[in-house]
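Take a look at the structure below.
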Amino acid sequence: MATFNLNVNGKKQAVDVDPETPVLWVLRDHLDLVGTKFGCGMAQCGACTIHIDGTATRSCILPVSSVGDQKITTIEGLSEKGDHPVQKAWLEHDVPQCGYCQAGQIMSAAALLKENPTPTDEQIETAMNGNICRCGTYVRIKAAVKTASKNLNA
Amino acid sequence: MTAIKTSIGRRSFLKTSALAGGGMMLSFSWLAGCKPPDETVALPKEWFELNGYLKIGDNGLVTIMSPNPEIGQNVKTSMPMLVAEELDVDWKNVIVEQAPLNTTIFTRQLAGGSQSISQGWKSLRMAGATAKRMLREAAAKAWQVSVDEVTTEASMLYHKASGKSASYGEMASAAAKIEVPKEVELKNNSDFKIIGTSRNNVDGQKIVTGQPLFGLDYRKEGMLIAMIAHPPAFGMKLKSVDDSQARSMPGIKDVFTIKTYPEEYALQWCDVDSFPELVVVVGNTTWQVMNARKALKLEWEQFSDHELTSSTFWGSTVKIKVPGGLENSAQHAKVMAEFSAKGGNVVRKDGNPEAVFKKAAKVVERSYSAPFLAHNTMEPMNFFANVTDEMAELVGPIQTPEFMEKSVAAILNLPLEKIDIQMTRQGGGFGRRLYGHFLVEAALISKKIKAPVKLVYTREDDMSFGVYRPAYHALYRAALDENNNLIAFHVKAGGIPESPLFANRFPAGAVDNYLAESWTASSNISVGAFRAPASNFIAGAEQSFLDEVAEAAGKDPIQFRLDLLDRALNKPVGEKNDYEAKRLAGVLELVRSKSNWGLETPNIHRGVSAYFCHDSYVAHVIDLKVESGKPRVEKVHCAVDCGIVVNPIAATNLVEGGSVDGIGHAMYSGLTFTNGTPDQTNFNKYRLIRHKEAPKAIDVHFVESDVDPTGLGEPPFPPVIGALANALYKATGKRHYQQPYLGEGITLG
Ligand code: FES
Ligand code: FES
């Protein structure tokens with residue numbers, strides 16, 4: 001066990017855990033931030049995507065000891081009022097079916113648009129390829145990313 | 001308008017009561033409308049346990065309980081829409097809550113078979129209409145006017161002649177005192193204001209902001225985390241446990257074994273007994289428990305042939321032979337080929353197929369197969385349990401709460417009323433959460449550890465536990481005469497361990513000489529319903545085959561099918577055909593016109609398919625484009641007849657999702673076995689379709705219809721597989737007979 005001082009969604013949080021604990025489980029079990037989902041535990045499905053200093057990262061294989069003072073952003077902290085352009089676009093397109101994968105999809109999309117505000121279809125597909133949706137909402141996700149891109153640049 | 005009775009005999013399906021603090025509550029047995037009003041049938045008392053309700057607060061806010069499990073099929077939005085429609089409320093004043101389970105028999109509080117909407121269609125509307133009628137009566141009484149003169153609109157009551165008006169909220173308390181009417185009128189379809197309009201997912205905001213909604217998100221003070229270890233292979237059972245190291249690891253509370261089903265317990269169809277004894281690790285946090293489980297030293301041994309007795313979904317008892325031994329996929333393929341070479345059980349025979357095949361000018365014969373599939377809901381199996389000597393509180397994602405309530409009551413030896421099952425939103429179902437062994441396991445673990453506990457499956461646990469889509473095989477033969485007419489048709493289908501045959505579906509009824517045979521081969525690998533059970537294979541096989549027969553006959557594949565459907569409509573063969581030829585033809589015609597079928601576009605390769613299952617009709621045309629040697633689905637054109645479309649935006653989403661899911665599974669997914677052990681236990685090896693492989697566009701068209709609505713969770717999945725296979729043939733010149741097609745050297749995108 002060791003104490004880690006994390007910066008999560010702009011708040012300082014101290015946790016006392018095994019240094020190997022993946023950030024996913026620190027968030028879910030210790031900080032009660034359950035918006036970040038568990039899907040595979042081996043960086044294959046994207047359900048656990050968070051931002052580390054703005055970069056989309058799979059939290060299920062990220063040991064808490066490796067984070068240091070980098071900023072962690074989770075779906076709960078993506079926007080204060082749940083009105084990030086990506087979140088708004090997701091609602092506009094009524095993207096979710098079961099909804100389980102969507103936090104990860106949204107975090108991947110938000111990171112993509114930050115880096116590249118006007119991605120092509122191909123760039124969207126490439127950036128989102130690590131996020132699986134068993135419900136098959138891919139077509140809507142792409143449309144929502146484009147809407148978010150348009151609104152961001154309006 | 002149609003009148004609908006709100007009672008059978010003297011018993012009403014609805015109960016009214018006043019809300020504390022003002023307002024009315026109308027409880028209803030939402031199933032009422034789907035049972036035949038036959039008074040000769042003795043009705044069990046549970047019938048009258050009311051399990052849905054709507055509340056109208058004195059502030060005008062309407063709360064509607066959504067009775068059915070939400071697994072992504074959007075019933076939590078679309079079912080309350082039915083209530084709101086007849087109630088004439090403003091949708092923005094409606095709050096939707098998930099109803100807990102509180103009835104035991106004769107309910108259909110179940111997500112399965114794409115039935116939720118069709119079964120709730122009358123009963124949910126009746127509930128809304130009843131509340132509205134009572135509000136109108138209350139207003140008529142208050143205003144001293146005839147109830148016929150009281151009209152409603154958007155949560156308001158009006159008396160036009162006197163200019164009086166009142167909101168539902170103002171009249172709700174008075175309405176609670178009105179006697180429940182014996183009969184109410186339902187609206188004409190043409191008067192619908194909410195049904196047929198798009199309403200966004202009621203949980204949308206919560207989903208996109210990551211609020212706790214799912215079973216895995218549930219927590220309670222003092223809750224522990226549990227994981228199980230099950231045998232690494234089907235055909236094995238626990239031999240010995242060395243938990244000395246695991247026990248001493250940080251955060252670990254206990255390690256023990258559980259037997260899920262006691263010896264004398266009678267299995268239900270939704271119980272899963274492939275691994276009767278499990279090792280359990282309980283601790284403080286998920287990570288600690290995961291690590292401790294890795295430190296277990298477990299020995300396993302093979303079990304021998306045995307027999308299980310189980311009840312079926314319909315209540316009869318079956319004996320299931322469970323063979324011992326460790327199975328392999330290569331051996332499965334051999335077994336399927338052997339069974340297919342032998343005769344099966346004749347399920348249907350019309351005319352004299354044997355003789356006609358002998359004299360045919362041309363015979364086309366092809367075999368198709370598909371592997372086991374794991375459901376892979378994105379949210380792995382999990383359940384919360386808090387069991388004491390007196391009661392059991394269970395919270396989580398389950399598609400069959402009322403069945404599992406019975407299992408758990410019997411296993412814990414508690415009366416049904418002491419079992420409280422609450423349903424969370426579910427991160428996918430697809431049939432997997434019909435089988436609630438994980439709920440029973442959680443209950444047993446909580447009982448043993450005497451604490452609230454959440455059982456969590458990892459992806460590996462989930463993918464290797466079983467309850468798979470069976471492995472299937474189908475042999476088709478078609479006989480053509482010298483004028484290329486289809487004169488005989490033969491299907492022989494089977495699977496490990498279930499058959500995918502539907503003997504009475506198209507093209508049965510359209511061919512004079514028809515033979516359908518079925519076989520099954522036993523296995524110790526457990527299987528269960530998977531999105532559009534059996535149809536999920538047989539549709540693709542049949543629709544690929546028909547494409548090949550149409551080609552052999554030199555006919556356009558759509559016209560070929562339509563000609564057969566014409567025959568089935570006008571001069572059907574046999575009486576048991578269980579599809580409506582007209583509606584199946586209808587979706588084919590719609591997809592033909594919407595896709596501009598027949599129009600040749602350079603580098604666009606098209607395949608078509610149509611299928612009927614779960615009471616809905618779906619046809620697909622797939623446009624494939626080959627780019628740098630790789631095919632990519634450019635567009636899916638889809639025509640659907642599911643009767644009235646309750647919520648178009650959600651319906652379209654489901655059709656898109658089902659199409660993507662069907663393409664993905666046919667193309668990429670499959671579970672294989674080596675010595676009883678699944679070769680794929682996570683997404684590094686088990687392929688699900690991804691963004692780059694998904695269709696670029698999907699166009700969904702609904703047949704305009706006045707027919708009562710039917711479901712959409714399953715019907716779009718099966719046919720798209722045929723359309724994909726047929727388009728791949730056009731693109732590559734190669735027919736595909738074995739799923740996943742990826743194994744045949746092709747990827748999409
Ligand atoms: S849970 Fe991290 S990528 Fe799947
Ligand atoms: S919405 Fe269900 S997995 Fe994506």
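In the structure tokens, chains take letters A, B, ... by order of appearance, with residues numbered from 1 within each chain and ligands from 1 in the order shown.
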Name the residues, by chain letter and number, that sit within 7 Å of ligand 1 using only C-alpha atoms and all ligand atoms, and give them as a PyMOL selection string. chain A and resi 37-49+58-61
Please identify every residue of chain B that has at least one atom no farther than 8 Å from an atom of ligand 2, counting only C-alpha atoms and all ligand atoms, and for each give the shortest atom pair and the distance in Å to one decimal, arranged by chain then increasing number, as a Markdown table.
| residue | atom | partner | partner_atom_place_in_ligand_line | distance |
| --- | --- | --- | --- | --- |
| B:Gly72 | CA | ligand 2 | 2 (Fe) | 6.4 |
| B:Thr377 | CA | ligand 2 | 3 (S) | 6.9 |
| B:Met378 | CA | ligand 2 | 3 (S) | 5.2 |
| B:Glu379 | CA | ligand 2 | 3 (S) | 7.8 |
| B:Gly427 | CA | ligand 2 | 2 (Fe) | 5.9 |
| B:Gly428 | CA | ligand 2 | 2 (Fe) | 5.5 |
Write to file, as a PDB file, in the first residue's frame, the residues of the selection just made, with N, CA, C and O atoms.
ATOM      1  N   GLY B  72     -31.187  -1.965 -23.418  1.00  0.00           N
ATOM      2  CA  GLY B  72     -30.702  -1.255 -24.578  1.00  0.00           C
ATOM      3  C   GLY B  72     -31.718  -1.264 -25.706  1.00  0.00           C
ATOM      4  O   GLY B  72     -31.501  -0.679 -26.747  1.00  0.00           O
ATOM      5  N   THR B 377     -21.933  -9.112 -23.789  1.00  0.00           N
ATOM      6  CA  THR B 377     -22.510  -7.821 -23.423  1.00  0.00           C
ATOM      7  C   THR B 377     -21.345  -6.977 -22.928  1.00  0.00           C
ATOM      8  O   THR B 377     -20.425  -7.507 -22.310  1.00  0.00           O
ATOM      9  N   MET B 378     -21.359  -5.696 -23.232  1.00  0.00           N
ATOM     10  CA  MET B 378     -20.199  -4.900 -22.830  1.00  0.00           C
ATOM     11  C   MET B 378     -20.063  -4.833 -21.314  1.00  0.00           C
ATOM     12  O   MET B 378     -18.971  -4.719 -20.791  1.00  0.00           O
ATOM     13  N   GLU B 379     -21.169  -4.889 -20.610  1.00  0.00           N
ATOM     14  CA  GLU B 379     -21.098  -4.978 -19.147  1.00  0.00           C
ATOM     15  C   GLU B 379     -21.056  -6.454 -18.771  1.00  0.00           C
ATOM     16  O   GLU B 379     -22.018  -7.175 -19.006  1.00  0.00           O
ATOM     17  N   GLY B 427     -26.100  -3.236 -19.232  1.00  0.00           N
ATOM     18  CA  GLY B 427     -25.144  -2.963 -20.303  1.00  0.00           C
ATOM     19  C   GLY B 427     -25.180  -4.054 -21.354  1.00  0.00           C
ATOM     20  O   GLY B 427     -24.204  -4.757 -21.577  1.00  0.00           O
ATOM     21  N   GLY B 428     -26.324  -4.162 -21.997  1.00  0.00           N
ATOM     22  CA  GLY B 428     -26.534  -5.185 -23.022  1.00  0.00           C
ATOM     23  C   GLY B 428     -27.138  -6.446 -22.426  1.00  0.00           C
ATOM     24  O   GLY B 428     -26.928  -6.765 -21.252  1.00  0.00           O
TER      25      GLY B 428
END
At a cut-off of 12 Å, using only C-alpha atoms, what residues contact Phe502 (chain B)? Leave out same-chain residues fewer than 5 positions from it and give the result as number ranges by chain. B: 346-348, 474, 491-494, 507-508, 515-518, 533-539, 542, 576-579, 611-613
Residues of chain A that have any atom at most 7 Å from an atom of chain B: could you tabulate them with the shortest-distance atom pair and the distance in Å to one decimal, using only C-alpha atoms, ordered by chain and increasing number, as CSV?
residue,atom,partner,partner_atom,distance
A:Thr21,CA,B:Trp287,CA,6.4
A:Trp25,CA,B:Trp287,CA,6.7
A:Asp29,CA,B:Thr285,CA,6.4
A:Val34,CA,B:Asp217,CA,5.7
A:Gly35,CA,B:Gly210,CA,3.8
A:Gly39,CA,B:Met378,CA,5.7
A:Cys40,CA,B:Arg459,CA,5.1
A:Gln44,CA,B:Phe683,CA,5.8
A:Ile75,CA,B:Gly210,CA,5.7
A:Glu76,CA,B:Thr209,CA,5.6
A:Gly82,CA,B:Thr209,CA,5.6
A:Gln87,CA,B:Val208,CA,5.8
A:Leu91,CA,B:Gly204,CA,6.2
A:Asp94,CA,B:Asn200,CA,5.8
A:Gln97,CA,B:Gly72,CA,4.4
A:Cys98,CA,B:Gly72,CA,3.4
A:Gly99,CA,B:Ile207,CA,6.1
A:Tyr100,CA,B:Gly427,CA,4.9
A:Cys101,CA,B:Met378,CA,6.7
A:Gln102,CA,B:Val208,CA,6.8
A:Ala103,CA,B:Val208,CA,6.1
A:Glu125,CA,B:Lys692,CA,5.2
A:Thr126,CA,B:Lys692,CA,6.8
A:Met128,CA,B:His691,CA,6.4
A:Asn129,CA,B:His691,CA,5.0
A:Ile132,CA,B:Arg690,CA,5.8
A:Arg134,CA,B:Met378,CA,6.3
A:Cys135,CA,B:Gly657,CA,5.4
A:Gly136,CA,B:Gly657,CA,4.1
A:Thr137,CA,B:Gly657,CA,5.5
A:Tyr138,CA,B:His691,CA,5.9
A:Val139,CA,B:Ala697,CA,6.4
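In this model, the gap between CA of Glu744 (chain B) and CA of His473 (chain B) comes to 16.9 Å.
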Contact residues around Thr73 (chain A) with only C-alpha atoms at 8 Å, ignoring same-chain residues under 2 positions, as a PDB file with C-alpha atoms, in the first residue's frame:
ATOM      1  CA  VAL A   8      -9.043  13.948 -10.641  1.00  0.00           C
ATOM      2  CA  ASN A   9     -11.431  16.237 -12.470  1.00  0.00           C
ATOM      3  CA  GLY A  10      -9.625  19.233 -11.041  1.00  0.00           C
ATOM      4  CA  ILE A  50     -10.180   8.587 -19.526  1.00  0.00           C
ATOM      5  CA  HIS A  51      -7.973  11.571 -20.289  1.00  0.00           C
ATOM      6  CA  ILE A  52      -4.486  11.868 -18.869  1.00  0.00           C
ATOM      7  CA  ASP A  53      -3.455  15.457 -19.444  1.00  0.00           C
ATOM      8  CA  GLY A  54      -6.018  15.530 -22.232  1.00  0.00           C
ATOM      9  CA  LYS A  71      -4.403  15.523 -14.709  1.00  0.00           C
ATOM     10  CA  ILE A  75     -16.590  11.324 -17.973  1.00  0.00           C
ATOM     11  CA  GLU A  76     -17.940  12.915 -14.788  1.00  0.00           C
ATOM     12  CA  GLY A  77     -15.482  15.768 -15.195  1.00  0.00           C
ATOM     13  CA  LEU A  78     -15.600  16.228 -18.952  1.00  0.00           C
TER      14      LEU A  78
END
Show me, as a CSV table (one decimal) with N, CA and C atoms, in the first residue's frame, the residues that have an atom within 9 Å of His84 (chain A) when counting only C-alpha atoms, minus same-chain residues fewer than 5 positions from it.
chain,number,residue,atom,x,y,z
A,78,LEU,N,-15.8,15.7,-17.6
A,78,LEU,CA,-15.6,16.2,-19.0
A,78,LEU,C,-16.2,17.6,-19.1
A,79,SER,N,-17.3,17.9,-18.5
A,79,SER,CA,-17.9,19.2,-18.5
A,79,SER,C,-18.6,19.4,-17.2
A,89,ALA,N,-23.9,16.5,-28.6
A,89,ALA,CA,-24.1,15.8,-29.9
A,89,ALA,C,-24.6,14.4,-29.7
A,110,ALA,N,-13.9,13.1,-27.5
A,110,ALA,CA,-13.6,14.4,-27.0
A,110,ALA,C,-12.1,14.7,-27.2
A,148,ALA,N,-20.5,17.3,-33.4
A,148,ALA,CA,-19.8,18.0,-32.3
A,148,ALA,C,-18.6,18.8,-32.9
By how many Å are CA of Ala176 (chain B) and CA of Lys122 (chain B) apart?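 Going from CA of Ala176 (chain B) over to CA of Lys122 (chain B), I get 22.3 Å.
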